[in-house]
file my_file.cif (mmCIF, C-alpha atoms)
data_start
loop_
_atom_site.label_atom_id
_atom_site.label_comp_id
_atom_site.auth_asym_id
_atom_site.auth_seq_id
_atom_site.Cartn_x
_atom_site.Cartn_y
_atom_site.Cartn_z
CA MET M 96 158.94 -85.46 155.88
CA PHE M 97 160.31 -85.34 152.38
CA ASP M 98 159.17 -83.33 149.39
CA LEU M 99 158.07 -85.08 146.23
CA LYS M 100 158.27 -83.08 143.03
CA ILE M 101 155.98 -84.05 140.15
CA LYS M 102 156.10 -81.71 137.18
CA ASN M 103 154.94 -78.41 138.69
CA ASN M 104 153.46 -79.91 141.84
CA ARG M 105 155.18 -80.30 145.16
CA VAL M 106 153.75 -82.79 147.64
CA THR M 107 155.05 -83.38 151.13
CA CYS M 108 155.20 -87.02 152.15
CA ARG M 109 154.34 -87.13 155.87
CA PRO M 110 155.94 -89.54 158.35
CA GLY M 111 154.48 -93.01 157.93
CA GLU M 112 152.96 -92.20 154.56
CA THR M 113 153.87 -93.99 151.36
CA VAL M 114 154.40 -92.08 148.14
CA LEU M 115 151.05 -93.43 146.95
CA ASP M 116 149.29 -92.19 150.12
CA ALA M 117 150.74 -88.71 149.64
CA LEU M 118 149.80 -88.52 145.95
CA LEU M 119 146.26 -89.73 146.58
CA ARG M 120 145.85 -87.26 149.47
CA GLU M 121 146.71 -84.45 147.08
CA ASN M 122 144.29 -85.81 144.44
CA ILE M 123 147.06 -86.57 141.98
CA ASN M 124 145.70 -89.05 139.50
CA ILE M 125 147.75 -92.26 139.73
CA PRO M 126 146.64 -95.79 138.92
CA TYR M 127 146.85 -98.25 141.83
CA GLY M 128 145.35 -101.56 142.89
CA CYS M 129 146.33 -103.85 145.75
CA LYS M 130 148.41 -101.34 147.76
CA ALA M 131 150.50 -104.35 148.77
CA GLY M 132 153.22 -104.45 146.14
CA ALA M 133 151.66 -107.33 144.25
CA CYS M 134 149.73 -105.88 141.33
CA GLN M 135 152.38 -103.36 140.20
CA SER M 136 149.72 -100.89 139.00
CA CYS M 137 151.33 -97.94 140.77
CA VAL M 138 154.83 -98.05 139.26
CA VAL M 139 156.38 -94.57 139.08
CA GLN M 140 159.90 -93.42 138.24
CA SER M 141 162.32 -91.44 140.39
CA LEU M 142 164.32 -89.06 138.22
CA ASP M 143 166.95 -88.32 140.88
CA ALA M 144 167.03 -90.17 144.23
CA LYS M 145 167.57 -93.92 144.29
CA PRO M 146 164.34 -95.51 145.58
CA PRO M 147 164.50 -97.66 148.75
CA ALA M 148 165.18 -101.34 147.90
CA LYS M 149 161.88 -102.48 149.40
CA ALA M 150 159.96 -100.27 146.99
CA GLN M 151 161.59 -102.04 144.00
CA GLY M 152 160.84 -105.61 145.11
CA GLY M 153 159.55 -107.77 142.28
CA LEU M 154 160.33 -105.31 139.47
CA LYS M 155 162.40 -106.30 136.45
CA ASP M 156 166.10 -105.47 136.83
CA THR M 157 165.92 -103.03 133.93
CA LEU M 158 163.07 -101.14 135.58
CA LYS M 159 165.01 -101.05 138.86
CA SER M 160 168.09 -99.66 137.20
CA SER M 161 166.08 -96.82 135.66
CA GLY M 162 164.67 -95.71 139.02
CA HIS M 163 161.19 -97.24 138.75
CA PHE M 164 159.52 -98.29 141.97
CA LEU M 165 156.16 -99.13 143.54
CA ALA M 166 154.56 -96.01 145.00
CA CYS M 167 152.56 -98.07 147.51
CA GLN M 168 155.73 -99.66 148.95
CA CYS M 169 157.85 -96.52 149.16
CA HIS M 170 158.50 -94.62 152.36
CA PRO M 171 160.86 -91.94 151.00
CA GLU M 172 164.33 -91.63 152.56
CA GLN M 173 165.10 -88.34 150.81
CA PRO M 174 163.37 -85.81 148.54
CA MET M 175 162.46 -87.27 145.13
CA THR M 176 161.53 -85.96 141.70
CA LEU M 177 158.91 -88.29 140.24
CA LYS M 178 157.56 -89.07 136.82
CA LEU M 179 154.20 -90.78 136.53
CA SER M 180 154.09 -93.38 133.78
CA LYS M 181 151.23 -91.77 131.89
CA GLU M 182 152.95 -88.39 131.78
CA ALA M 183 153.61 -87.29 128.21
CA ALA M 184 157.21 -87.79 127.17
CA SER M 185 159.25 -84.65 126.56
CA PHE M 186 161.08 -84.14 123.25
CA VAL M 187 164.51 -82.79 122.28
CA ASP M 188 165.66 -81.94 118.77
CA GLY M 189 167.96 -84.35 116.97
CA ARG M 190 169.51 -83.96 113.51
CA VAL M 191 169.43 -86.54 110.74
CA ALA M 192 172.98 -87.76 109.99
CA VAL M 193 172.21 -90.77 107.77
CA ASN M 194 169.07 -91.87 105.94
CA GLU M 195 169.82 -94.71 103.50
CA PRO M 196 168.35 -98.09 102.53
CA LEU M 197 169.19 -101.30 104.41
CA ASN M 198 167.10 -103.40 102.03
CA ARG M 199 164.16 -103.03 99.64
CA ASN M 200 161.76 -101.79 102.31
CA THR M 201 163.82 -100.75 105.33
CA GLN M 202 165.70 -97.51 105.86
CA LEU M 203 168.67 -96.93 108.17
CA LEU M 204 168.09 -93.67 110.02
CA ILE M 205 170.88 -92.24 112.19
CA ILE M 206 170.18 -89.14 114.29
CA ASP M 207 172.77 -86.98 116.07
CA ILE M 208 171.59 -86.30 119.59
CA ASN M 209 172.81 -84.44 122.68
CA ASP M 210 172.75 -86.28 126.00
CA ALA M 211 173.14 -89.64 124.26
CA ASP M 212 174.14 -91.24 127.61
CA ARG M 213 170.58 -91.35 128.80
CA TYR M 214 169.52 -93.69 125.97
CA ARG M 215 170.17 -97.43 126.06
CA ALA M 216 170.46 -99.83 123.14
CA GLY M 217 167.15 -101.70 122.78
CA GLN M 218 164.93 -99.06 124.37
CA PHE M 219 162.54 -97.14 122.16
CA VAL M 220 161.81 -93.47 121.56
CA ASN M 221 159.07 -91.55 119.84
CA LEU M 222 160.04 -89.68 116.69
CA GLN M 223 157.87 -86.77 115.62
CA ARG M 224 157.10 -85.06 112.32
CA SER M 225 156.57 -81.28 112.34
CA ASP M 226 152.77 -81.71 112.22
CA GLY M 227 152.88 -83.79 115.40
CA LEU M 228 152.56 -87.25 113.77
CA THR M 229 154.45 -89.55 116.17
CA ARG M 230 155.74 -93.13 115.96
CA SER M 231 157.85 -95.34 118.23
CA TYR M 232 161.12 -96.89 117.05
CA SER M 233 163.73 -99.00 118.82
CA ILE M 234 167.37 -97.98 119.30
CA ALA M 235 169.73 -100.24 117.33
CA ASN M 236 173.13 -98.96 118.50
CA ILE M 237 175.01 -98.00 121.68
CA PRO M 238 174.08 -94.31 121.84
CA HIS M 239 176.79 -93.07 124.22
CA ALA M 240 179.57 -94.56 122.07
CA SER M 241 178.80 -92.35 119.07
CA GLY M 242 176.45 -89.61 120.25
CA THR M 243 173.86 -90.93 117.82
CA LEU M 244 170.67 -92.95 117.78
CA GLU M 245 170.23 -95.57 115.06
CA PHE M 246 166.82 -96.78 113.86
CA HIS M 247 165.56 -99.24 111.24
CA ILE M 248 162.41 -97.90 109.60
CA ARG M 249 160.36 -100.34 107.59
CA ARG M 250 157.95 -98.87 105.06
CA LEU M 251 154.44 -100.05 105.91
CA PRO M 252 151.60 -100.08 103.38
CA GLY M 253 149.77 -96.79 103.90
CA GLY M 254 152.12 -95.88 106.73
CA ARG M 255 152.25 -92.08 106.81
CA PHE M 256 155.29 -91.77 109.06
CA SER M 257 157.40 -94.48 107.45
CA THR M 258 156.60 -93.18 103.96
CA TRP M 259 157.67 -89.71 105.06
CA VAL M 260 160.99 -91.06 106.40
CA HIS M 261 161.59 -93.06 103.21
CA GLU M 262 160.66 -90.32 100.76
CA GLU M 263 161.05 -86.90 102.32
CA LEU M 264 163.27 -86.80 105.41
CA LYS M 265 166.74 -85.51 104.46
CA VAL M 266 170.20 -85.55 106.02
CA GLY M 267 170.57 -82.34 108.04
CA ASP M 268 166.86 -82.08 108.87
CA SER M 269 165.97 -81.55 112.48
CA ILE M 270 163.60 -84.09 114.12
CA PRO M 271 162.13 -84.17 117.63
CA VAL M 272 163.11 -87.26 119.65
CA SER M 273 161.45 -88.27 122.94
CA GLU M 274 163.21 -89.48 126.05
CA PRO M 275 163.95 -93.23 126.11
CA GLN M 276 161.21 -95.65 127.09
CA GLY M 277 160.79 -99.35 127.64
CA HIS M 278 162.70 -101.94 129.60
CA CYS M 279 163.91 -104.24 126.84
CA PHE M 280 167.67 -103.76 127.16
CA TYR M 281 170.86 -105.44 128.36
CA LEU M 282 172.19 -105.21 131.90
CA PRO M 283 175.78 -106.41 132.42
CA ASP M 284 175.08 -108.15 135.72
CA ARG M 285 175.19 -111.86 134.89
CA LYS M 286 177.72 -112.11 132.10
CA GLU M 287 177.90 -115.90 132.08
CA GLN M 288 174.18 -116.24 131.38
CA GLY M 289 173.05 -117.44 127.95
CA LEU M 290 171.27 -114.83 125.83
CA LEU M 291 168.68 -115.90 123.28
CA LEU M 292 167.66 -113.11 120.88
CA ILE M 293 164.70 -113.73 118.56
CA GLY M 294 163.37 -111.11 116.16
CA THR M 295 161.24 -110.70 113.05
CA GLY M 296 161.72 -107.90 110.50
CA THR M 297 162.95 -104.68 112.08
CA GLY M 298 162.84 -106.51 115.42
CA LEU M 299 166.51 -106.82 114.53
CA ALA M 300 166.93 -103.17 115.53
CA PRO M 301 166.60 -103.55 119.32
CA LEU M 302 168.33 -106.94 119.15
CA ALA M 303 171.32 -105.54 117.26
CA GLY M 304 171.58 -102.85 119.94
CA ILE M 305 171.34 -105.38 122.76
CA LEU M 306 173.89 -107.62 121.03
CA ALA M 307 176.37 -104.76 120.58
CA ASP M 308 175.87 -103.73 124.20
CA ALA M 309 176.41 -107.29 125.49
CA LEU M 310 179.57 -107.78 123.40
CA SER M 311 180.96 -104.41 124.46
CA HIS M 312 180.51 -105.43 128.11
CA GLY M 313 182.43 -108.65 127.46
CA HIS M 314 179.42 -110.92 127.94
CA SER M 315 180.95 -114.38 128.31
CA GLY M 316 177.89 -116.66 128.05
CA PRO M 317 176.58 -117.91 124.70
CA ILE M 318 174.64 -115.33 122.65
CA ARG M 319 172.33 -116.74 119.98
CA LEU M 320 170.61 -114.46 117.50
CA PHE M 321 167.77 -115.71 115.28
CA HIS M 322 166.44 -113.22 112.75
CA GLY M 323 163.48 -114.11 110.56
CA SER M 324 161.35 -112.73 107.77
CA ARG M 325 159.04 -114.12 105.13
CA GLU M 326 161.41 -113.63 102.26
CA HIS M 327 165.16 -113.48 101.92
CA GLU M 328 164.98 -109.90 100.57
CA ASP M 329 163.43 -108.66 103.81
CA LEU M 330 166.40 -109.65 105.95
CA TYR M 331 169.32 -107.25 106.29
CA ARG M 332 172.78 -107.02 107.89
CA VAL M 333 173.24 -110.71 107.10
CA ASN M 334 176.93 -110.40 106.19
CA GLU M 335 177.68 -108.05 109.10
CA MET M 336 176.16 -110.53 111.56
CA ARG M 337 178.06 -113.45 110.02
CA GLU M 338 181.28 -111.50 110.33
CA LEU M 339 180.51 -110.68 113.95
CA ALA M 340 179.94 -114.40 114.61
CA GLU M 341 183.37 -115.18 113.11
CA HIS M 342 185.05 -112.77 115.51
CA HIS M 343 183.13 -113.77 118.64
CA PRO M 344 183.18 -117.52 119.36
CA ASN M 345 180.34 -117.19 121.89
CA PHE M 346 178.02 -115.51 119.35
CA SER M 347 175.99 -117.40 116.73
CA TYR M 348 173.64 -116.03 114.09
CA THR M 349 170.82 -117.86 112.29
CA PRO M 350 168.84 -116.08 109.57
CA CYS M 351 165.46 -117.73 108.91
CA ILE M 352 163.02 -117.57 105.99
CA SER M 353 159.41 -118.57 106.63
CA SER M 354 158.05 -118.58 103.07
CA GLY M 355 159.34 -120.66 100.16
CA ASP M 356 162.68 -122.44 99.98
CA ALA M 357 165.52 -121.02 102.01
CA PRO M 358 168.73 -120.41 100.05
CA GLU M 359 172.02 -121.97 101.14
CA GLY M 360 173.08 -120.64 104.55
CA PHE M 361 169.53 -119.78 105.65
CA THR M 362 167.18 -121.81 107.83
CA GLN M 363 163.74 -122.68 106.53
CA GLY M 364 160.84 -122.01 108.92
CA ARG M 365 159.44 -119.59 111.43
CA VAL M 366 162.14 -117.92 113.45
CA HIS M 367 160.89 -118.77 116.93
CA ASP M 368 160.31 -122.41 115.99
CA ALA M 369 163.90 -122.60 114.75
CA ALA M 370 165.27 -120.82 117.81
CA LEU M 371 163.32 -122.78 120.41
CA SER M 372 163.76 -126.21 118.84
CA ALA M 373 167.54 -125.65 118.77
CA GLN M 374 167.46 -125.27 122.53
CA ALA M 375 167.03 -128.25 124.90
CA ASP M 376 165.93 -125.94 127.68
CA LEU M 377 166.15 -122.29 128.68
CA VAL M 378 166.75 -122.72 132.40
CA SER M 379 168.83 -119.71 133.51
CA TRP M 380 168.78 -118.10 130.04
CA ARG M 381 167.84 -114.50 129.37
CA VAL M 382 165.49 -114.15 126.40
CA PHE M 383 164.75 -111.10 124.24
CA LEU M 384 161.78 -111.21 121.84
CA CYS M 385 161.24 -108.37 119.38
CA GLY M 386 158.98 -107.86 116.41
CA HIS M 387 155.60 -109.22 115.32
CA PRO M 388 153.18 -109.40 118.28
CA ASP M 389 152.05 -112.96 117.44
CA MET M 390 155.63 -114.20 117.36
CA VAL M 391 156.45 -112.39 120.61
CA LYS M 392 153.43 -113.78 122.46
CA SER M 393 153.90 -117.31 121.24
CA ALA M 394 157.66 -117.34 121.88
CA GLN M 395 157.17 -115.79 125.30
CA LYS M 396 155.02 -118.70 126.41
CA GLN M 397 157.28 -121.32 124.85
CA ALA M 398 160.43 -119.80 126.36
CA TYR M 399 158.77 -119.79 129.76
CA LEU M 400 157.67 -123.42 129.39
CA LYS M 401 161.26 -124.30 128.49
CA GLY M 402 162.30 -123.03 131.88
CA ALA M 403 163.21 -119.33 131.47
CA ARG M 404 162.19 -117.28 134.50
CA LEU M 405 159.39 -114.79 133.83
CA ALA M 406 161.68 -111.99 134.99
CA ASP M 407 164.30 -113.04 132.42
CA ILE M 408 162.02 -112.77 129.38
CA TYR M 409 162.06 -109.32 127.78
CA CYS M 410 159.48 -108.50 125.11
CA ASP M 411 159.21 -105.70 122.59
CA ALA M 412 156.16 -106.37 120.44
CA PHE M 413 155.67 -103.94 117.57
CA VAL M 414 152.36 -102.19 117.66
CA VAL M 415 151.24 -100.93 114.29
CA SER M 416 149.18 -97.77 114.44
CA ALA M 417 145.51 -98.54 113.69
CA GLU M 418 145.34 -95.95 110.93
CA GLN M 419 148.02 -97.90 109.05
CA ALA M 420 145.75 -100.91 108.68
CA PRO M 421 146.03 -101.94 105.04
CA SER M 422 142.24 -102.30 104.78
CA ALA M 423 141.88 -98.54 104.26
CA MET D 395 148.27 -114.00 165.58
CA SER D 396 150.60 -111.08 164.95
CA ASN D 397 151.44 -111.53 161.27
CA SER D 398 149.23 -112.54 158.38
CA LEU D 399 149.96 -115.73 156.44
CA TYR D 400 150.90 -113.47 153.52
CA GLU D 401 153.65 -111.84 155.57
CA ARG D 402 154.87 -115.07 157.18
CA ILE D 403 155.13 -116.81 153.82
CA GLY D 404 157.24 -113.97 152.40
CA GLY D 405 154.80 -111.46 150.93
CA GLU D 406 155.08 -110.23 147.40
CA ALA D 407 158.47 -111.89 146.74
CA ALA D 408 156.95 -115.26 147.65
CA VAL D 409 154.02 -114.59 145.32
CA ASN D 410 156.38 -113.91 142.42
CA ALA D 411 158.46 -117.02 143.05
CA ALA D 412 155.32 -119.14 143.40
CA VAL D 413 153.73 -117.81 140.20
CA ASP D 414 156.85 -118.63 138.19
CA LEU D 415 156.73 -122.30 139.25
CA PHE D 416 152.96 -122.71 139.46
CA TYR D 417 152.00 -121.28 136.08
CA ARG D 418 154.58 -123.51 134.35
CA LYS D 419 153.07 -126.59 136.04
CA VAL D 420 149.56 -125.56 135.08
CA LEU D 421 150.42 -124.86 131.43
CA SER D 422 152.19 -128.23 131.21
CA ASP D 423 149.24 -130.18 132.66
CA TYR D 424 147.08 -131.53 129.82
CA ARG D 425 144.15 -131.99 132.24
CA ILE D 426 143.71 -128.26 132.80
CA ASN D 427 145.91 -126.19 130.49
CA ARG D 428 143.07 -125.38 128.12
CA PHE D 429 141.50 -123.24 130.86
CA PHE D 430 144.68 -121.17 131.06
CA ASP D 431 145.41 -121.03 127.38
CA SER D 432 145.14 -117.31 126.80
CA THR D 433 147.35 -115.66 124.19
CA ASP D 434 148.01 -112.78 126.54
CA MET D 435 150.50 -114.23 128.97
CA ASP D 436 150.99 -110.97 130.87
CA ALA D 437 147.29 -110.82 131.68
CA GLN D 438 147.38 -114.48 132.73
CA ILE D 439 150.33 -113.87 135.04
CA ALA D 440 148.51 -110.96 136.68
CA LYS D 441 145.67 -113.41 137.37
CA GLN D 442 148.04 -115.99 138.85
CA LYS D 443 149.50 -113.30 141.11
CA ALA D 444 146.04 -112.39 142.27
CA PHE D 445 145.37 -116.07 142.94
CA PHE D 446 148.45 -116.47 145.13
CA THR D 447 147.84 -113.21 146.94
CA TYR D 448 144.39 -114.60 147.70
CA ALA D 449 145.64 -118.05 148.76
CA PHE D 450 148.20 -116.45 151.06
CA GLY D 451 145.43 -114.44 152.70
CA GLY D 452 147.03 -111.26 151.40
CA PRO D 453 145.43 -107.97 150.47
CA ASN D 454 142.79 -108.43 147.79
CA ASN D 455 139.34 -107.22 147.02
CA TYR D 456 137.63 -110.46 146.04
CA THR D 457 134.14 -111.34 147.12
CA GLY D 458 132.43 -114.66 146.54
CA LYS D 459 130.42 -112.97 143.79
CA ASP D 460 133.62 -111.87 142.00
CA MET D 461 134.96 -115.42 142.18
CA ARG D 462 131.77 -116.72 140.61
CA SER D 463 131.61 -114.24 137.77
CA ALA D 464 135.37 -114.48 137.07
CA HIS D 465 135.13 -118.26 136.65
CA ALA D 466 131.68 -118.55 135.06
CA HIS D 467 133.05 -118.82 131.51
CA LEU D 468 135.34 -121.66 132.63
CA VAL D 469 132.43 -123.55 134.16
CA LYS D 470 130.70 -123.20 130.78
CA MET D 471 133.82 -124.69 129.18
CA GLY D 472 133.33 -127.74 131.40
CA MET D 473 135.46 -126.92 134.43
CA ASN D 474 134.54 -129.12 137.38
CA GLY D 475 135.82 -130.42 140.70
CA SER D 476 138.50 -132.60 139.14
CA HIS D 477 140.07 -129.53 137.55
CA PHE D 478 139.89 -127.62 140.80
CA ASP D 479 141.66 -130.52 142.53
CA ALA D 480 144.40 -130.51 139.89
CA VAL D 481 145.04 -126.83 140.59
CA MET D 482 145.18 -127.59 144.31
CA GLU D 483 147.80 -130.28 143.58
CA HIS D 484 149.96 -127.74 141.76
CA LEU D 485 149.49 -125.20 144.53
CA GLY D 486 150.77 -127.71 147.10
CA ALA D 487 153.64 -128.92 144.89
CA THR D 488 154.73 -125.35 144.17
CA LEU D 489 154.87 -124.40 147.84
CA HIS D 490 156.75 -127.63 148.68
CA GLU D 491 159.29 -126.78 146.00
CA LEU D 492 159.77 -123.37 147.61
CA ASN D 493 160.34 -125.03 150.99
CA VAL D 494 157.35 -123.37 152.59
CA PRO D 495 156.71 -125.05 155.99
CA GLU D 496 153.92 -127.66 156.01
CA ASP D 497 151.68 -125.74 158.40
CA LEU D 498 151.74 -122.65 156.18
CA ILE D 499 151.01 -124.77 153.09
CA ALA D 500 148.01 -126.19 154.91
CA GLU D 501 146.79 -122.68 155.73
CA ALA D 502 147.11 -121.56 152.12
CA ALA D 503 145.37 -124.71 150.87
CA ALA D 504 142.52 -124.14 153.31
CA ILE D 505 142.03 -120.58 152.03
CA ALA D 506 142.03 -121.74 148.40
CA LEU D 507 139.66 -124.60 149.24
CA GLY D 508 137.31 -122.05 150.79
CA ALA D 509 136.69 -120.61 147.34
CA ARG D 510 135.79 -123.98 145.81
CA SER D 511 132.03 -123.60 145.58
CA ASP D 512 132.25 -120.01 144.30
CA VAL D 513 134.86 -120.91 141.67
CA LEU D 514 132.83 -123.90 140.48
CA GLY D 515 129.55 -121.96 140.63
CA LEU D 516 127.98 -124.50 143.00
#
call {"tool": "encode", "arguments": {"input": "my_file.cif", "output": "structure tokens"}}
result
Amino acid sequence: MFDLKIKNNRVTCRPGETVLDALLRENINIPYGCKAGACQSCVVQSLDAKPPAKAQGGLKDTLKSSGHFLACQCHPEQPMTLKLSKEAASFVDGRVAVNEPLNRNTQLLIIDINDADRYRAGQFVNLQRSDGLTRSYSIANIPHASGTLEFHIRRLPGGRFSTWVHEELKVGDSIPVSEPQGHCFYLPDRKEQGLLLIGTGTGLAPLAGILADALSHGHSGPIRLFHGSREHEDLYRVNEMRELAEHHPNFSYTPCISSGDAPEGFTQGRVHDAALSAQADLVSWRVFLCGHPDMVKSAQKQAYLKGARLADIYCDAFVVSAEQAPSA
Amino acid sequence: MSNSLYERIGGEAAVNAAVDLFYRKVLSDYRINRFFDSTDMDAQIAKQKAFFTYAFGGPNNYTGKDMRSAHAHLVKMGMNGSHFDAVMEHLGATLHELNVPEDLIAEAAAIALGARSDVLGL
């Protein structure tokens, strides 16, 4: 018998019971489906104890490493503190250290944060304005190295949050930051594997974080970054990436422009077309796709058909809040 | 029999390995890929997992009626026995590739074949 702690509840898992059984017995609302480890509806996170290996079968490596497991497959081996996926994220206060333009419509926002070790490059957090308006942004740096979180904030037409960041948020202001979320990040387990990184717009943010993380771990396989936008002016960090490619022989960088003629040094066309046609196959590659949902979906399927394992394709599709629809 | 086919074949890990190979075959097969051509790949993969869990005789909640209603729109799109047979081909080839013993492949094929009339709305 082991105790399970969930927020303010304490549930005792009886001998022979799974975590899911115990939660359902106590009427704790948790989604579930097959009860056989196949559908993955009942994923929960252990905040302390390492879950039994059997309970993590079939999950992505990144989810495993962050303590996620299948409640229906878990017979606890010790007491556990659990977080249900739908539980509201908790916030801590950060402080704005830098807020300056990266290009004509994108702002670099750097926030000083305590406990930076718990954030990983490529994950996302929710940022909150004092009236509660909340938006998700991806982490573009290695947080534990500097004690900061870096974000790239693109101004969207009619976007209330992004306009506020661009026009009103000042260095020194305090801003609530949620705990890290998402499983789109680098794990240093197979360093010889090829990494293909494809992003549109501020999809460069998580990819830049993942790239920095991979290089800092001495990733030895090829790393190919393709960054695209409609127009040349919407790209950023072009020179920094080129410089990085000069210093790391296993890293290559291809900026792509989808509309009009591409200037010298840029590739003409949609970024995922350029990235995937440059690649004979993706067998044993790890693929990260970040940015516009249509690009992510289309590239996900193409990468898979080129031989990448489903478990090796990581997606971070940007969801634009409905109220920001330009039709308003 | 002490263990279900699902357990003998390798349970959930076997389902995941099979889906990875099977879905790629299906999407690359011009005869049938239009029936699988959804933009939401994650939703499609969940369906393929359900399919394999079913074919392995694993835990699932399908009834014949569910099978009919789930595939009705595909029948409207022109899905017929030849398409069903193509899927059966890929099922067999996938399990061969995973070195599943012949007798277990035959069991899985028999389960899948059992759904034929419901899937095709016959």
call {"tool": "closest_atom_pairs", "arguments": {"input": "my_file.cif", "of": "chain D", "to": "chain M", "cutoff": "8 Å", "atoms": "only C-alpha atoms", "output": "JSON lines"}}
result
{"residue": "D:Glu406", "atom": "CA", "partner": "M:Ala133", "partner_atom": "CA", "distance": 5.5}
{"residue": "D:Ala407", "atom": "CA", "partner": "M:Gly153", "partner_atom": "CA", "distance": 6.2}
{"residue": "D:Val409", "atom": "CA", "partner": "M:Ala133", "partner_atom": "CA", "distance": 7.7}
{"residue": "D:Asn410", "atom": "CA", "partner": "M:Gly153", "partner_atom": "CA", "distance": 6.9}
{"residue": "D:Asp414", "atom": "CA", "partner": "M:Leu405", "partner_atom": "CA", "distance": 6.3}
{"residue": "D:Arg418", "atom": "CA", "partner": "M:Leu400", "partner_atom": "CA", "distance": 5.8}
{"residue": "D:Leu421", "atom": "CA", "partner": "M:Leu400", "partner_atom": "CA", "distance": 7.7}
{"residue": "D:Ser422", "atom": "CA", "partner": "M:Leu400", "partner_atom": "CA", "distance": 7.5}
{"residue": "D:Thr433", "atom": "CA", "partner": "M:Lys392", "partner_atom": "CA", "distance": 6.6}
{"residue": "D:Asp434", "atom": "CA", "partner": "M:Lys392", "partner_atom": "CA", "distance": 6.9}
{"residue": "D:Met435", "atom": "CA", "partner": "M:Lys396", "partner_atom": "CA", "distance": 6.9}
{"residue": "D:Ala440", "atom": "CA", "partner": "M:Cys134", "partner_atom": "CA", "distance": 7.0}
{"residue": "D:Lys443", "atom": "CA", "partner": "M:Ala133", "partner_atom": "CA", "distance": 7.1}
{"residue": "D:Ala444", "atom": "CA", "partner": "M:Cys134", "partner_atom": "CA", "distance": 7.5}
{"residue": "D:Thr447", "atom": "CA", "partner": "M:Ala133", "partner_atom": "CA", "distance": 7.5}
{"residue": "D:Pro453", "atom": "CA", "partner": "M:Cys129", "partner_atom": "CA", "distance": 6.3}
{"residue": "D:Asn454", "atom": "CA", "partner": "M:Cys129", "partner_atom": "CA", "distance": 6.1}
{"residue": "D:Asn455", "atom": "CA", "partner": "M:Cys129", "partner_atom": "CA", "distance": 7.9}
call {"tool": "closest_residue", "arguments": {"input": "my_file.cif", "among": "D:Arg510, D:Arg402, D:Lys441, D:Lys470", "to": "Tyr417 (chain D)", "atoms": "all atoms listed in the file"}}
result
D:Lys441
call {"tool": "axis_aligned_box", "arguments": {"input": "my_file.cif", "around": "region 345-361 of chain M", "padding_each_side": "3 Å", "output": "JSON"}}
result
{"center_x": 169.2, "center_y": -119.0, "center_z": 110.9, "size_x": 28.3, "size_y": 12.9, "size_z": 27.9}
call {"tool": "resolve_selection", "arguments": {"input": "my_file.cif", "expression": "the PyMOL selection byres ((chain M and resi 250) around 10)", "output": "list in words"}}
result
Arg199, Asn200, Thr201, Gln202, His247, Ile248, Arg249, Leu251, Pro252, Gly253, Gly254, Arg255, Phe256, Ser257, Thr258, Trp259, Val260, His261 and Glu262 of chain M
call {"tool": "write_last_selection", "arguments": {"input": "my_file.cif", "atoms": "C-alpha atoms", "output": "mmCIF file, in the coordinates of the input"}}
result
data_model
loop_
_atom_site.group_PDB
_atom_site.id
_atom_site.type_symbol
_atom_site.label_atom_id
_atom_site.label_comp_id
_atom_site.auth_asym_id
_atom_site.auth_seq_id
_atom_site.Cartn_x
_atom_site.Cartn_y
_atom_site.Cartn_z
ATOM 1 C CA ARG M 199 164.160 -103.030 99.640
ATOM 2 C CA ASN M 200 161.760 -101.790 102.310
ATOM 3 C CA THR M 201 163.820 -100.750 105.330
ATOM 4 C CA GLN M 202 165.700 -97.510 105.860
ATOM 5 C CA HIS M 247 165.560 -99.240 111.240
ATOM 6 C CA ILE M 248 162.410 -97.900 109.600
ATOM 7 C CA ARG M 249 160.360 -100.340 107.590
ATOM 8 C CA LEU M 251 154.440 -100.050 105.910
ATOM 9 C CA PRO M 252 151.600 -100.080 103.380
ATOM 10 C CA GLY M 253 149.770 -96.790 103.900
ATOM 11 C CA GLY M 254 152.120 -95.880 106.730
ATOM 12 C CA ARG M 255 152.250 -92.080 106.810
ATOM 13 C CA PHE M 256 155.290 -91.770 109.060
ATOM 14 C CA SER M 257 157.400 -94.480 107.450
ATOM 15 C CA THR M 258 156.600 -93.180 103.960
ATOM 16 C CA TRP M 259 157.670 -89.710 105.060
ATOM 17 C CA VAL M 260 160.990 -91.060 106.400
ATOM 18 C CA HIS M 261 161.590 -93.060 103.210
ATOM 19 C CA GLU M 262 160.660 -90.320 100.760
#
call {"tool": "closest_residue", "arguments": {"input": "my_file.cif", "among": "D:Leu485, D:Leu415, D:Met461, D:Ile439", "to": "Ala504 (chain D)", "atoms": "only C-alpha atoms"}}
result
D:Leu485
call {"tool": "resolve_selection", "arguments": {"input": "my_file.cif", "expression": "the PyMOL selection byres ((chain D and resi 486-495) around 9)", "output": "ChimeraX atom specification"}}
result
/D:403,408,411-413,415-416,419,481-485,496-500,502-503
call {"tool": "resolve_selection", "arguments": {"input": "my_file.cif", "expression": "the PyMOL selection byres ((chain M and resi 271) around 7)", "output": "count of residues only"}}
result
10
call {"tool": "closest_residue", "arguments": {"input": "my_file.cif", "among": "M:Pro126, M:Gly323, M:Pro301, M:Gly162", "to": "Ile237 (chain M)", "atoms": "all atoms listed in the file"}}
result
M:Pro301
call {"tool": "residues_around", "arguments": {"input": "my_file.cif", "residues": "Asn104 (chain M)", "least_positions_apart": "6", "cutoff": "12 Å", "atoms": "all atoms listed in the file", "output": "MDAnalysis selection string"}}
result
chainID M and resid 98 118 121:123 176:178
call {"tool": "write_last_selection", "arguments": {"input": "my_file.cif", "atoms": "C-alpha atoms", "output": "compact mmCIF listing (two decimals), in the coordinates of the input"}}
result
# COMPACT_ATOMS: atom_id res chain seq x y z
CA ASP M 98 159.17 -83.33 149.39
CA LEU M 118 149.80 -88.52 145.95
CA GLU M 121 146.71 -84.45 147.08
CA ASN M 122 144.29 -85.81 144.44
CA ILE M 123 147.06 -86.57 141.98
CA THR M 176 161.53 -85.96 141.70
CA LEU M 177 158.91 -88.29 140.24
CA LYS M 178 157.56 -89.07 136.82
